[in-house]
Structures are given as structure tokens and as C-alpha cells.
file upload-v3.csv (CSV, C-alpha atoms and all ligand atoms)
chain,number,residue,atom,x,y,z
A,1,MET,CA,-24.4,-140.5,75.8
A,2,ARG,CA,-25.9,-138.0,73.3
A,3,THR,CA,-24.1,-135.4,71.2
A,4,LEU,CA,-25.9,-132.7,69.2
A,5,ILE,CA,-24.2,-130.8,66.3
A,6,ARG,CA,-26.4,-127.8,65.9
A,7,GLY,CA,-27.3,-125.9,62.8
A,8,GLY,CA,-24.3,-126.5,60.5
A,9,THR,CA,-24.3,-126.6,56.8
A,10,VAL,CA,-24.4,-130.3,56.2
A,11,PHE,CA,-22.7,-132.2,53.3
A,12,ASP,CA,-24.0,-135.8,53.7
A,13,GLY,CA,-21.3,-137.5,51.7
A,14,PHE,CA,-23.2,-137.0,48.4
A,15,ASP,CA,-24.6,-133.4,48.3
A,16,VAL,CA,-25.0,-130.3,50.4
A,17,LEU,CA,-28.3,-130.6,52.3
A,18,GLY,CA,-28.3,-127.1,53.9
A,19,LYS,CA,-28.6,-126.2,57.6
A,20,ARG,CA,-29.3,-129.3,59.7
A,21,ASP,CA,-29.0,-130.5,63.3
A,22,ILE,CA,-27.4,-133.9,63.8
A,23,LEU,CA,-28.2,-136.0,66.9
A,24,ILE,CA,-25.7,-138.7,67.8
A,25,GLU,CA,-26.5,-141.5,70.3
A,26,GLY,CA,-23.8,-144.0,71.1
A,27,GLU,CA,-21.9,-144.8,68.0
A,28,LEU,CA,-24.7,-143.9,65.6
A,29,ILE,CA,-26.5,-141.0,64.0
A,30,LYS,CA,-29.9,-141.0,65.6
A,31,GLU,CA,-31.5,-138.2,63.6
A,32,VAL,CA,-30.7,-135.5,61.0
A,33,GLY,CA,-33.1,-132.5,60.6
A,34,THR,CA,-34.5,-129.6,62.5
A,35,LEU,CA,-34.5,-131.0,66.0
A,36,ASP,CA,-35.9,-129.7,69.2
A,37,VAL,CA,-33.8,-131.9,71.6
A,38,ARG,CA,-31.1,-131.6,74.2
A,39,ALA,CA,-27.9,-133.6,74.5
A,40,ASP,CA,-25.0,-134.2,76.9
A,41,ILE,CA,-22.6,-132.5,74.5
A,42,GLU,CA,-23.7,-129.7,72.2
A,43,ILE,CA,-21.6,-128.3,69.4
A,44,ASP,CA,-22.7,-125.0,68.0
A,45,ALA,CA,-22.0,-125.4,64.2
A,46,ARG,CA,-24.2,-122.5,63.0
A,47,ASP,CA,-21.4,-120.8,61.1
A,48,LEU,CA,-19.6,-124.1,60.3
A,49,PHE,CA,-19.5,-126.8,57.6
A,50,VAL,CA,-20.4,-130.3,58.7
A,51,MET,CA,-19.4,-133.4,56.7
A,52,PRO,CA,-18.6,-137.1,57.1
A,53,GLY,CA,-15.2,-137.8,58.7
A,54,MET,CA,-12.7,-138.0,55.8
A,55,VAL,CA,-11.1,-141.2,54.6
A,56,ASP,CA,-7.5,-141.5,53.4
A,57,ALA,CA,-8.0,-144.5,51.1
A,58,HIS,CA,-4.3,-145.2,50.5
A,59,PHE,CA,-1.8,-144.7,53.3
A,60,HIS,CA,1.0,-146.6,55.0
A,61,PHE,CA,1.7,-146.5,58.7
A,62,GLY,CA,5.4,-147.0,58.0
A,63,GLY,CA,6.5,-144.7,60.8
A,64,SER,CA,9.7,-143.6,59.1
A,65,LYS,CA,11.2,-140.1,58.6
A,66,GLY,CA,12.2,-139.0,55.2
A,67,GLY,CA,11.7,-140.6,51.8
A,68,ASP,CA,14.6,-143.1,52.0
A,69,LEU,CA,12.6,-146.3,52.4
A,70,VAL,CA,15.7,-148.5,52.0
A,71,LYS,CA,17.3,-146.9,55.1
A,72,ALA,CA,14.0,-146.9,56.9
A,73,THR,CA,13.5,-150.7,56.5
A,74,LEU,CA,17.1,-151.8,56.7
A,75,VAL,CA,18.5,-149.5,59.4
A,76,GLU,CA,15.6,-148.4,61.6
A,77,ASP,CA,14.1,-150.7,64.3
A,78,SER,CA,10.6,-151.6,63.2
A,79,LYS,CA,9.4,-151.2,66.8
A,80,VAL,CA,10.6,-147.6,66.8
A,81,ARG,CA,8.8,-147.1,63.5
A,82,LEU,CA,5.6,-148.5,65.0
A,83,LEU,CA,5.9,-146.2,68.0
A,84,ARG,CA,6.3,-143.2,65.8
A,85,ALA,CA,3.3,-144.3,63.7
A,86,THR,CA,1.2,-144.1,66.9
A,87,THR,CA,1.7,-140.3,66.9
A,88,TRP,CA,0.7,-140.3,63.2
A,89,ALA,CA,-2.6,-141.9,64.2
A,90,SER,CA,-3.6,-139.1,66.5
A,91,LYS,CA,-2.5,-136.3,64.1
A,92,ILE,CA,-4.5,-137.9,61.3
A,93,VAL,CA,-7.8,-138.2,63.3
A,94,GLU,CA,-7.3,-134.6,64.6
A,95,ALA,CA,-7.1,-133.5,61.0
A,96,GLY,CA,-10.6,-134.8,60.4
A,97,PHE,CA,-9.8,-138.2,59.0
A,98,THR,CA,-11.8,-140.8,60.9
A,99,THR,CA,-10.8,-143.7,58.6
A,100,VAL,CA,-7.6,-144.8,57.0
A,101,ARG,CA,-7.2,-147.6,54.6
A,102,ASP,CA,-3.6,-148.8,55.0
A,103,CYS,CA,-2.5,-150.3,51.7
A,104,GLY,CA,0.4,-152.3,52.9
A,105,GLU,CA,2.4,-152.1,56.2
A,106,PRO,CA,2.7,-154.7,59.0
A,107,ASN,CA,2.5,-151.9,61.6
A,108,ALA,CA,-1.1,-151.2,60.6
A,109,ILE,CA,-2.3,-154.5,62.2
A,110,PRO,CA,-1.3,-153.9,65.8
A,111,LEU,CA,-2.1,-150.2,65.4
A,112,ARG,CA,-5.6,-151.0,64.3
A,113,GLN,CA,-6.1,-153.1,67.4
A,114,ALA,CA,-4.6,-150.5,69.8
A,115,VAL,CA,-6.9,-147.8,68.3
A,116,LYS,CA,-9.9,-150.0,68.5
A,117,GLU,CA,-9.3,-150.9,72.1
A,118,GLY,CA,-8.8,-147.2,72.9
A,119,TRP,CA,-5.1,-147.3,73.9
A,120,ILE,CA,-4.2,-145.0,71.2
A,121,LYS,CA,-6.1,-142.1,69.6
A,122,GLY,CA,-6.5,-142.6,65.9
A,123,PRO,CA,-8.7,-143.2,62.9
A,124,ASN,CA,-10.5,-146.5,62.2
A,125,ILE,CA,-7.9,-148.5,60.3
A,126,ILE,CA,-8.7,-150.8,57.4
A,127,ALA,CA,-5.4,-152.7,57.1
A,128,ALA,CA,-3.9,-154.7,54.2
A,129,GLY,CA,-1.1,-155.9,56.4
A,130,ARG,CA,1.8,-157.2,54.3
A,131,PRO,CA,1.3,-156.7,50.6
A,132,LEU,CA,1.9,-159.6,48.1
A,133,SER,CA,4.6,-159.2,45.6
A,134,GLN,CA,6.3,-161.4,43.0
A,135,THR,CA,10.1,-162.1,43.1
A,136,PHE,CA,11.8,-159.1,41.5
A,137,GLY,CA,8.7,-157.0,42.2
A,138,HIS,CA,7.7,-153.7,43.8
A,139,GLY,CA,7.4,-155.3,47.2
A,140,GLU,CA,11.2,-155.5,47.4
A,141,PHE,CA,12.7,-152.0,47.7
A,142,LEU,CA,16.1,-153.4,46.8
A,143,HIS,CA,16.8,-155.9,44.1
A,144,THR,CA,20.5,-156.2,44.8
A,145,ILE,CA,20.4,-157.7,48.3
A,146,PRO,CA,19.7,-161.4,48.9
A,147,LEU,CA,16.0,-162.2,48.4
A,148,GLU,CA,15.7,-163.7,51.8
A,149,TRP,CA,16.6,-160.3,53.4
A,150,ASN,CA,13.5,-158.8,51.9
A,151,GLU,CA,11.5,-161.5,53.4
A,152,TYR,CA,13.3,-161.1,56.7
A,153,LEU,CA,12.5,-157.4,56.8
A,154,GLY,CA,8.9,-158.4,56.8
A,155,PHE,CA,7.4,-155.8,54.5
A,156,ALA,CA,6.0,-157.8,51.6
A,157,GLN,CA,5.1,-161.5,51.3
A,158,ILE,CA,6.9,-162.7,48.2
A,159,CYS,CA,5.0,-165.3,46.1
A,160,ASP,CA,5.3,-166.8,42.6
A,161,GLY,CA,3.0,-169.2,40.8
A,162,LYS,CA,-0.6,-170.1,41.7
A,163,GLU,CA,0.1,-172.4,44.7
A,164,SER,CA,2.5,-170.0,46.3
A,165,CYS,CA,0.1,-167.1,45.7
A,166,ILE,CA,-2.8,-169.0,47.4
A,167,GLN,CA,-0.6,-169.7,50.4
A,168,ALA,CA,0.6,-166.1,50.6
A,169,ALA,CA,-3.0,-164.8,50.5
A,170,ARG,CA,-4.0,-167.2,53.2
A,171,ARG,CA,-1.0,-166.3,55.3
A,172,VAL,CA,-1.7,-162.5,55.3
A,173,LEU,CA,-5.3,-163.1,55.9
A,174,ARG,CA,-4.3,-165.2,58.9
A,175,GLU,CA,-2.1,-162.3,60.1
A,176,GLY,CA,-5.2,-160.1,60.1
A,177,SER,CA,-5.4,-158.4,56.7
A,178,ASP,CA,-8.8,-156.8,56.2
A,179,PHE,CA,-8.2,-156.9,52.4
A,180,ILE,CA,-5.3,-158.0,50.2
A,181,LYS,CA,-2.9,-155.6,48.5
A,182,ILE,CA,-0.9,-156.9,45.6
A,183,MET,CA,1.8,-155.3,43.5
A,184,ALA,CA,0.6,-155.7,39.9
A,185,THR,CA,3.3,-153.6,38.2
A,186,GLY,CA,6.7,-152.1,39.0
A,187,GLY,CA,6.8,-149.0,41.0
A,188,VAL,CA,8.7,-145.8,41.8
A,189,LEU,CA,10.5,-146.5,45.1
A,190,SER,CA,11.6,-150.0,44.2
A,191,GLN,CA,15.1,-150.2,42.8
A,192,ARG,CA,15.2,-152.0,39.4
A,193,ASP,CA,11.6,-152.7,38.2
A,194,ARG,CA,9.9,-150.2,35.9
A,195,PRO,CA,6.4,-148.8,36.5
A,196,GLU,CA,5.2,-150.0,33.1
A,197,TRP,CA,6.3,-153.7,33.7
A,198,PRO,CA,3.4,-156.0,34.6
A,199,GLN,CA,3.9,-158.2,37.7
A,200,PHE,CA,2.0,-161.3,38.6
A,201,THR,CA,0.1,-163.3,35.9
A,202,HIS,CA,-3.7,-163.5,35.4
A,203,GLU,CA,-3.6,-166.9,36.9
A,204,GLU,CA,-1.7,-165.7,40.0
A,205,ILE,CA,-4.0,-162.7,40.6
A,206,SER,CA,-7.2,-164.8,40.0
A,207,ALA,CA,-6.0,-167.2,42.7
A,208,ILE,CA,-5.5,-164.4,45.2
A,209,VAL,CA,-8.8,-162.8,44.3
A,210,HIS,CA,-10.5,-166.2,44.9
A,211,GLU,CA,-8.9,-166.5,48.4
A,212,ALA,CA,-10.0,-162.9,49.2
A,213,LYS,CA,-13.6,-163.6,48.1
A,214,LYS,CA,-13.9,-166.7,50.2
A,215,VAL,CA,-13.5,-164.7,53.4
A,216,GLY,CA,-15.7,-161.9,52.1
A,217,THR,CA,-13.1,-159.4,51.2
A,218,TYR,CA,-11.3,-158.0,48.0
A,219,VAL,CA,-8.0,-157.3,46.4
A,220,ALA,CA,-6.5,-153.9,45.8
A,221,ALA,CA,-3.8,-153.7,43.1
A,222,HIS,CA,-0.9,-151.3,43.0
A,223,ALA,CA,-0.6,-150.6,39.2
A,224,HIS,CA,1.1,-147.8,37.3
A,225,GLY,CA,1.5,-149.6,33.9
A,226,ASP,CA,-1.4,-150.3,31.6
A,227,GLU,CA,-0.8,-154.0,30.9
A,228,GLY,CA,-0.4,-155.0,34.6
A,229,ALA,CA,-3.5,-153.0,35.5
A,230,ARG,CA,-5.5,-154.6,32.7
A,231,ILE,CA,-4.4,-158.1,33.9
A,232,ALA,CA,-5.4,-157.2,37.5
A,233,VAL,CA,-8.8,-155.8,36.5
A,234,GLY,CA,-9.5,-158.9,34.3
A,235,ALA,CA,-8.6,-161.1,37.3
A,236,GLY,CA,-11.2,-159.4,39.5
A,237,VAL,CA,-9.4,-156.8,41.7
A,238,LYS,CA,-11.7,-154.1,43.2
A,239,SER,CA,-9.4,-151.1,43.1
A,240,ILE,CA,-6.4,-149.8,41.1
A,241,GLU,CA,-4.0,-147.8,43.1
A,242,HIS,CA,-2.0,-145.0,41.3
A,243,GLY,CA,-3.2,-145.9,37.7
A,244,SER,CA,-0.7,-143.4,36.3
A,245,LEU,CA,-0.3,-144.9,32.8
A,246,LEU,CA,-3.8,-146.4,32.3
A,247,SER,CA,-5.2,-146.4,28.7
A,248,GLU,CA,-8.7,-145.5,27.8
A,249,GLN,CA,-9.4,-149.1,27.1
A,250,THR,CA,-8.4,-150.3,30.5
A,251,LEU,CA,-10.3,-147.4,32.2
A,252,LYS,CA,-13.4,-148.5,30.2
A,253,MET,CA,-13.0,-152.0,31.5
A,254,MET,CA,-12.7,-150.7,35.1
A,255,ALA,CA,-15.9,-148.7,34.6
A,256,GLU,CA,-17.7,-151.8,33.3
A,257,LYS,CA,-16.5,-153.9,36.2
A,258,GLY,CA,-17.0,-151.3,38.9
A,259,VAL,CA,-13.3,-151.0,39.8
A,260,ALA,CA,-12.3,-147.9,41.8
A,261,LEU,CA,-9.3,-145.7,41.1
A,262,THR,CA,-7.0,-144.1,43.8
A,263,PRO,CA,-4.7,-141.6,42.0
A,264,THR,CA,-2.4,-140.9,45.0
A,265,LEU,CA,-1.4,-137.3,43.9
A,266,SER,CA,0.1,-136.4,47.3
A,267,ILE,CA,3.0,-138.8,47.2
A,268,GLN,CA,3.5,-138.0,43.5
A,269,GLU,CA,3.8,-134.3,44.0
A,270,LEU,CA,5.9,-134.7,47.2
A,271,ILE,CA,8.4,-136.9,45.4
A,272,TYR,CA,8.4,-134.8,42.2
A,273,LYS,CA,8.9,-131.5,44.0
A,274,HIS,CA,10.9,-132.4,47.0
A,275,GLY,CA,12.2,-135.9,46.4
A,276,LYS,CA,15.9,-135.1,46.5
A,277,GLN,CA,15.5,-133.0,49.6
A,278,ILE,CA,13.7,-135.7,51.6
A,279,GLY,CA,16.2,-138.5,50.6
A,280,VAL,CA,14.3,-140.3,47.9
A,281,SER,CA,16.6,-142.7,46.0
A,282,GLU,CA,17.9,-141.8,42.6
A,283,TRP,CA,15.8,-144.5,40.9
A,284,GLY,CA,12.7,-143.0,42.5
A,285,LEU,CA,13.6,-139.5,41.3
A,286,GLU,CA,14.2,-140.8,37.8
A,287,LYS,CA,10.9,-142.7,37.6
A,288,ILE,CA,8.5,-140.1,39.1
A,289,ALA,CA,8.6,-137.7,36.1
A,290,GLN,CA,7.6,-140.5,33.8
A,291,ILE,CA,4.5,-141.5,35.7
A,292,ARG,CA,3.4,-138.0,36.6
A,293,GLU,CA,2.8,-136.6,33.2
A,294,ASN,CA,-0.2,-138.8,32.2
A,295,VAL,CA,-2.1,-138.5,35.4
A,296,PRO,CA,-4.5,-135.6,34.7
A,297,LYS,CA,-5.6,-137.3,31.5
A,298,VAL,CA,-6.3,-140.6,33.4
A,299,ILE,CA,-8.3,-138.8,36.0
A,300,ASP,CA,-10.3,-136.9,33.4
A,301,THR,CA,-11.1,-140.1,31.5
A,302,ALA,CA,-12.0,-141.9,34.7
A,303,LYS,CA,-14.4,-139.1,35.6
A,304,ARG,CA,-16.0,-139.2,32.1
A,305,PHE,CA,-16.5,-143.0,32.4
A,306,GLY,CA,-18.1,-142.6,35.9
A,307,ILE,CA,-15.3,-144.5,37.7
A,308,THR,CA,-15.4,-144.1,41.5
A,309,ILE,CA,-12.3,-142.0,42.5
A,310,LEU,CA,-10.9,-142.4,46.0
A,311,ALA,CA,-8.8,-139.8,47.8
A,312,GLY,CA,-5.6,-141.6,48.9
A,313,THR,CA,-2.3,-139.8,49.8
A,314,ASP,CA,0.0,-142.9,49.7
A,315,LEU,CA,2.0,-141.1,52.4
A,316,GLY,CA,4.2,-143.5,54.4
A,317,PHE,CA,6.9,-141.3,55.9
A,318,GLU,CA,7.2,-137.9,57.5
A,319,SER,CA,8.5,-135.2,55.2
A,320,GLY,CA,8.4,-132.1,57.4
A,321,LEU,CA,7.0,-130.3,54.4
A,322,GLU,CA,3.6,-129.0,53.2
A,323,ILE,CA,2.6,-132.5,52.0
A,324,ASP,CA,2.9,-134.6,55.1
A,325,VAL,CA,1.4,-137.1,57.5
A,326,GLY,CA,-1.4,-135.3,59.4
A,327,LYS,CA,-2.1,-133.1,56.4
A,328,ASN,CA,-3.8,-135.9,54.5
A,329,TYR,CA,-6.4,-133.3,53.2
A,330,THR,CA,-3.8,-132.5,50.6
A,331,GLU,CA,-5.2,-135.3,48.5
A,332,PRO,CA,-8.8,-134.0,48.0
A,333,ILE,CA,-7.2,-130.6,47.5
A,334,LEU,CA,-4.9,-131.9,44.8
A,335,LEU,CA,-7.8,-133.8,43.2
A,336,VAL,CA,-9.3,-130.4,42.5
A,337,GLU,CA,-6.1,-128.5,41.7
A,338,ILE,CA,-4.4,-131.2,39.6
A,339,GLY,CA,-7.1,-133.7,38.8
A,340,ALA,CA,-9.6,-131.0,37.9
A,341,LEU,CA,-12.4,-132.5,40.0
A,342,LYS,CA,-15.1,-130.2,41.1
A,343,GLU,CA,-14.9,-129.5,44.8
A,344,ILE,CA,-18.1,-131.5,45.6
A,345,GLU,CA,-16.6,-134.5,43.6
A,346,ALA,CA,-13.4,-134.3,45.7
A,347,LEU,CA,-15.5,-134.2,48.9
A,348,ARG,CA,-17.2,-137.4,47.7
A,349,ALA,CA,-13.8,-139.0,46.9
A,350,ALA,CA,-12.8,-138.3,50.5
A,351,THR,CA,-16.0,-139.5,52.1
A,352,SER,CA,-18.8,-141.7,50.6
A,353,ASN,CA,-16.8,-143.2,47.7
A,354,ILE,CA,-15.1,-145.6,50.1
A,355,ARG,CA,-18.4,-147.4,50.4
A,356,LYS,CA,-17.7,-148.8,47.0
A,357,LEU,CA,-15.2,-151.0,48.8
A,358,GLY,CA,-17.6,-152.0,51.5
A,359,ALA,CA,-16.5,-149.6,54.3
A,360,LYS,CA,-19.4,-148.5,56.4
A,361,THR,CA,-18.5,-144.8,56.9
A,362,GLY,CA,-18.5,-141.6,54.9
A,363,VAL,CA,-22.2,-140.7,55.0
A,364,ILE,CA,-24.3,-138.5,57.3
A,365,ALA,CA,-27.7,-140.0,57.6
A,366,LYS,CA,-30.0,-141.6,60.2
A,367,GLY,CA,-28.6,-145.0,61.3
A,368,GLU,CA,-25.1,-144.4,60.0
A,369,VAL,CA,-21.9,-144.6,62.1
A,370,ALA,CA,-21.3,-141.1,63.5
A,371,ASP,CA,-17.9,-140.3,61.9
A,372,ILE,CA,-18.1,-136.5,61.4
A,373,VAL,CA,-15.8,-133.5,61.0
A,374,VAL,CA,-16.9,-129.9,61.5
A,375,ILE,CA,-14.9,-127.5,59.3
A,376,ASP,CA,-14.4,-123.8,59.9
A,377,GLY,CA,-14.9,-122.8,56.3
A,378,ASP,CA,-16.6,-123.9,53.1
A,379,PRO,CA,-14.7,-126.5,51.1
A,380,THR,CA,-17.4,-126.6,48.4
A,381,THR,CA,-16.0,-123.3,47.2
A,382,GLN,CA,-12.6,-123.2,48.9
A,383,ILE,CA,-11.2,-126.8,48.9
A,384,ARG,CA,-8.2,-125.7,51.0
A,385,ASP,CA,-10.6,-125.1,53.9
A,386,LEU,CA,-10.5,-128.9,54.4
A,387,SER,CA,-7.4,-128.1,56.5
A,388,LYS,CA,-9.5,-126.3,59.1
A,389,ALA,CA,-11.0,-129.2,61.1
A,390,LYS,CA,-12.5,-127.7,64.3
A,391,PHE,CA,-14.4,-130.7,65.8
A,392,VAL,CA,-14.0,-134.3,65.0
A,393,VAL,CA,-16.4,-137.1,66.1
A,394,LYS,CA,-15.3,-140.7,65.6
A,395,ARG,CA,-17.8,-143.4,66.2
A,396,GLY,CA,-19.9,-141.1,68.2
A,397,LYS,CA,-17.1,-139.8,70.4
A,398,LEU,CA,-15.7,-136.3,70.3
A,399,VAL,CA,-12.0,-136.7,69.6
A,400,LYS,CA,-11.2,-133.1,68.8
A,401,GLY,CA,-12.8,-129.8,69.9
B,501,ZN,ZN,1.2,-147.2,48.5
call {"tool": "encode", "arguments": {"input": "upload-v3.csv", "output": "C-alpha cells", "more": "lines below"}}
Ligand SMILES: [Zn+2]
result
Amino acid sequence: MRTLIRGGTVFDGFDVLGKRDILIEGELIKEVGTLDVRADIEIDARDLFVMPGMVDAHFHFGGSKGGDLVKATLVEDSKVRLLRATTWASKIVEAGFTTVRDCGEPNAIPLRQAVKEGWIKGPNIIAAGRPLSQTFGHGEFLHTIPLEWNEYLGFAQICDGKESCIQAARRVLREGSDFIKIMATGGVLSQRDRPEWPQFTHEEISAIVHEAKKVGTYVAAHAHGDEGARIAVGAGVKSIEHGSLLSEQTLKMMAEKGVALTPTLSIQELIYKHGKQIGVSEWGLEKIAQIRENVPKVIDTAKRFGITILAGTDLGFESGLEIDVGKNYTEPILLVEIGALKEIEALRAATSNIRKLGAKTGVIAKGEVADIVVIDGDPTTQIRDLSKAKFVVKRGKLVKG
């Protein structure tokens, strides 16, 4: 089966190449250039913009409605949430996202398999499975219920001390995690911990990193506060998620060690602007303002230091608003509008930058996996055109258009 995308203006994941034809054979890109060939499917892209399928580098297939995560996990049946998340998968791929890195949610593991086997339409899923959290950590949404209840709800794997962290890491890897997500500081939507509080020690995180490395993968750390982020970076994690309160010193360390940053502006803006309306708990509303203020400065410094920035929405529930599941392109848009990235930098953040974490997608070139989106517009000048996906090819198959 051969597909030809004819004559579009091609952004290859790094730069705009100009008008090119792209020939796809099987799952791979066979040729890029001016081609005199025929194919089974031909897409006329002469007035369109062609780029690698986008990547949401931080997402949660939580399958809940509204921002009340306590209600979602305590009251809703997790099987119903999983079924709802299947509809998210198709919306997301149709929006031009061919890869999603799920940063913590048990649903993502069966969903990944169902998509892979073709039962459900969706993006390629890179899944963390259950995140690792300390006791009284961000992995517990509520700190006033019995600890065992949090474990019973099945979201996070709670572990404390080196031995327990080793076991927890092995357990989630056994469950199918592609990489390990840890909670290295407090967070916004967890009840009583503060974003600036460090969670896990250097020894604990090092032990988890060691377990990840043994099976050829890495650790991603949720971290708002500077101290917790610095401990995590020192212990060898490969990406810092959120990074809202990072100091210049920690960012410098990240640059030296090649650690990526995912600023997650979509969830931040959604909670800040509409939190109350969508049912976010009062502690979440109170904490969001504190972490939001410093973010443009962090992104600016990260950019200056040459840190790889990833576009990740951190969405994990339906909002019914302008920032929502299936509109994951809000993240590269906000990286321009709030983060002051140039359009081309935001496009890289949503495509080729994920290769820093070993994912084999995000680039249009001979021999690469054919994950491609054709846009009716020019996002290099109008970043909001990213919302206009017209054709989507995932692993060589036309899934939209
Ligand atoms: Zn998250």
C-alpha cells in the first residue's frame, strides 16, 4: 500500500523545507522530494502545510468529566472512565496528534494495546501506567482518607524508602509502563501538599532511575518546586514536568544533563481561568495562582539555556471549554502566546523534540515512521492554524481525510 502526499509545504520536524512530495510505503516514509510516482492513495496538498503528526508529551487518559478528580476517582466506575477515554483517543488522533505520552493513568495501558491492535482508533500511546508517589504525596488526591483507600483506587503506587521504591518501580514496569513517572514535589490537585515541597529523596529517586535504566527506559518527574526538581535532576530523571518554580541554577543543571522540560500550560490556564466552573477543588484553585506567575520566566530561561521544551497539555478530564481533550493543539499555541516561543520552536516542541526521550516519531524524512498531519493553513505564521488538521496519517495509514 502506497500513499502519496503531493506538493505540500513541508516542515520536517526541524525546519520548513519548501514544497515536497512525500511517498509512504507500509508504515514508513519511502521518499521525500520531487517525485514522479503514482500511489494507491494520493493527497493533493499543494495549498496545504505538511508536518509530522503532533505529540502531546504529557496527557492522562483519565476519562473523567470536569475537574473534580476526587469525585472522578472515588465515585465514578473506572471501567466507565476507560470507555470514555476510548472516545478521547479518536478525537485526539483526528486533531493531528499521532502520539500521546500518558504521564500517569492505569487506563493508558489497556488503551495502548487496543489502539495497537486496531480495535480503537487513536494515537500511538507511550504509557507511564501508575505513577510512583511517596506517602503524603501528589499521587494521593486526598490526604484525609485512609491511605489504603488511595492504593485501592489504583491511581498511584505509593512507596517510601529505597527498597520500597525499587519494588514499586519493578511493579509498574511489570504492569506494562513504557517509562516511569514519579511525583517529585507536591502539586495543585492534591489536597494538602504544597507545590514547593520536595517529595522523595535523592536515594529513592536514584533507585527508581536505576530500575528504569536496567530495562532501557527513563524516569519523568512531576516537579513544581525548585528543590524537588533539583533532587530529581541530580538523581538522573530525563524530564521535568511542569517546572513552574524552577530557579536559574536548576535550569542550568538541566541543560548540562540534557533534561527536557514540559511546561503544561494548557492545564494551568484551564484551571486558572475556569477552575471553579469545572469543579476544581478549592485547594487547587488556591494553589494555581502561585505556580502560574513564574512560568514565562522559566520558559524564557530554559530557551536561553537550550533546554529541550516539550508540548504537553496535562489534560486528563473533559472540560467542555476552549481548552479540552481533542483540542490538544492548545499547548503549542500557548507556548507561543504565553511562553513567547517562536512559532517554529513551538512546532518543534510538538514534533521532533520528543526524540530526546527516545520516541521514534516527529520527523519527516526517508526511512522515518509515517506519522504526518496535513494542515489547512500556515502555523509558522499563524500558530492557531494548528487546529485545522485536514488529513492525518498514522504509521502509514490514513486515519482522517
Ligand atoms: Zn500530569
call {"tool": "closest_atom_pairs", "arguments": {"input": "upload-v3.csv", "of": "chain A", "to": "ligand ZN 501 (chain B)", "cutoff": "10 Å", "atoms": "only C-alpha atoms and all ligand atoms", "output": "CSV"}}
result
residue,atom,partner,partner_atom,distance
A:Ala57,CA,B:ZN501,ZN,9.9
A:His58,CA,B:ZN501,ZN,6.2
A:Phe59,CA,B:ZN501,ZN,6.2
A:His60,CA,B:ZN501,ZN,6.5
A:Asp102,CA,B:ZN501,ZN,8.2
A:Cys103,CA,B:ZN501,ZN,5.8
A:Gly104,CA,B:ZN501,ZN,6.8
A:Glu105,CA,B:ZN501,ZN,9.2
A:Pro131,CA,B:ZN501,ZN,9.7
A:Lys181,CA,B:ZN501,ZN,9.3
A:Met183,CA,B:ZN501,ZN,9.5
A:Gly187,CA,B:ZN501,ZN,9.5
A:Leu189,CA,B:ZN501,ZN,9.9
A:Ala221,CA,B:ZN501,ZN,9.8
A:His222,CA,B:ZN501,ZN,7.2
A:Glu241,CA,B:ZN501,ZN,7.5
A:His242,CA,B:ZN501,ZN,8.2
A:Thr262,CA,B:ZN501,ZN,9.9
A:Thr264,CA,B:ZN501,ZN,8.1
A:Ile267,CA,B:ZN501,ZN,8.7
A:Gly312,CA,B:ZN501,ZN,8.8
A:Thr313,CA,B:ZN501,ZN,8.3
A:Asp314,CA,B:ZN501,ZN,4.6
A:Leu315,CA,B:ZN501,ZN,7.3
A:Gly316,CA,B:ZN501,ZN,7.6
call {"tool": "atom_distance", "arguments": {"input": "upload-v3.csv", "atom1": "CA of Met254 (chain A)", "atom2": "CA of Gly234 (chain A)"}}
result
8.8 Å
call {"tool": "residues_around", "arguments": {"input": "upload-v3.csv", "residues": "region 384-397 of chain A", "least_positions_apart": "4", "cutoff": "8 Å", "atoms": "all atoms listed in the file", "output": "CSV table (one decimal) with C-alpha atoms, keeping the file's coordinate frame"}}
result
chain,number,residue,atom,x,y,z
A,3,THR,CA,-24.1,-135.4,71.2
A,24,ILE,CA,-25.7,-138.7,67.8
A,25,GLU,CA,-26.5,-141.5,70.3
A,26,GLY,CA,-23.8,-144.0,71.1
A,27,GLU,CA,-21.9,-144.8,68.0
A,28,LEU,CA,-24.7,-143.9,65.6
A,29,ILE,CA,-26.5,-141.0,64.0
A,53,GLY,CA,-15.2,-137.8,58.7
A,93,VAL,CA,-7.8,-138.2,63.3
A,94,GLU,CA,-7.3,-134.6,64.6
A,95,ALA,CA,-7.1,-133.5,61.0
A,96,GLY,CA,-10.6,-134.8,60.4
A,98,THR,CA,-11.8,-140.8,60.9
A,123,PRO,CA,-8.7,-143.2,62.9
A,327,LYS,CA,-2.1,-133.1,56.4
A,329,TYR,CA,-6.4,-133.3,53.2
A,333,ILE,CA,-7.2,-130.6,47.5
A,369,VAL,CA,-21.9,-144.6,62.1
A,370,ALA,CA,-21.3,-141.1,63.5
A,371,ASP,CA,-17.9,-140.3,61.9
A,372,ILE,CA,-18.1,-136.5,61.4
A,373,VAL,CA,-15.8,-133.5,61.0
A,374,VAL,CA,-16.9,-129.9,61.5
A,375,ILE,CA,-14.9,-127.5,59.3
A,376,ASP,CA,-14.4,-123.8,59.9
A,377,GLY,CA,-14.9,-122.8,56.3
A,378,ASP,CA,-16.6,-123.9,53.1
A,379,PRO,CA,-14.7,-126.5,51.1
A,401,GLY,CA,-12.8,-129.8,69.9
call {"tool": "closest_atom_pairs", "arguments": {"input": "upload-v3.csv", "of": "region 153-218 of chain A", "to": "region 349-364 of chain A", "cutoff": "12 Å", "atoms": "all atoms listed in the file", "output": "Markdown table"}}
result
| residue | atom | partner | partner_atom | distance |
| --- | --- | --- | --- | --- |
| A:Asp178 | CA | A:Ala359 | CA | 10.7 |
| A:Phe179 | CA | A:Leu357 | CA | 9.8 |
| A:Gly216 | CA | A:Gly358 | CA | 10.1 |
| A:Thr217 | CA | A:Gly358 | CA | 8.7 |
| A:Tyr218 | CA | A:Leu357 | CA | 8.1 |
call {"tool": "atom_distance", "arguments": {"input": "upload-v3.csv", "atom1": "CA of Glu337 (chain A)", "atom2": "CA of Lys303 (chain A)"}}
result
14.8 Å
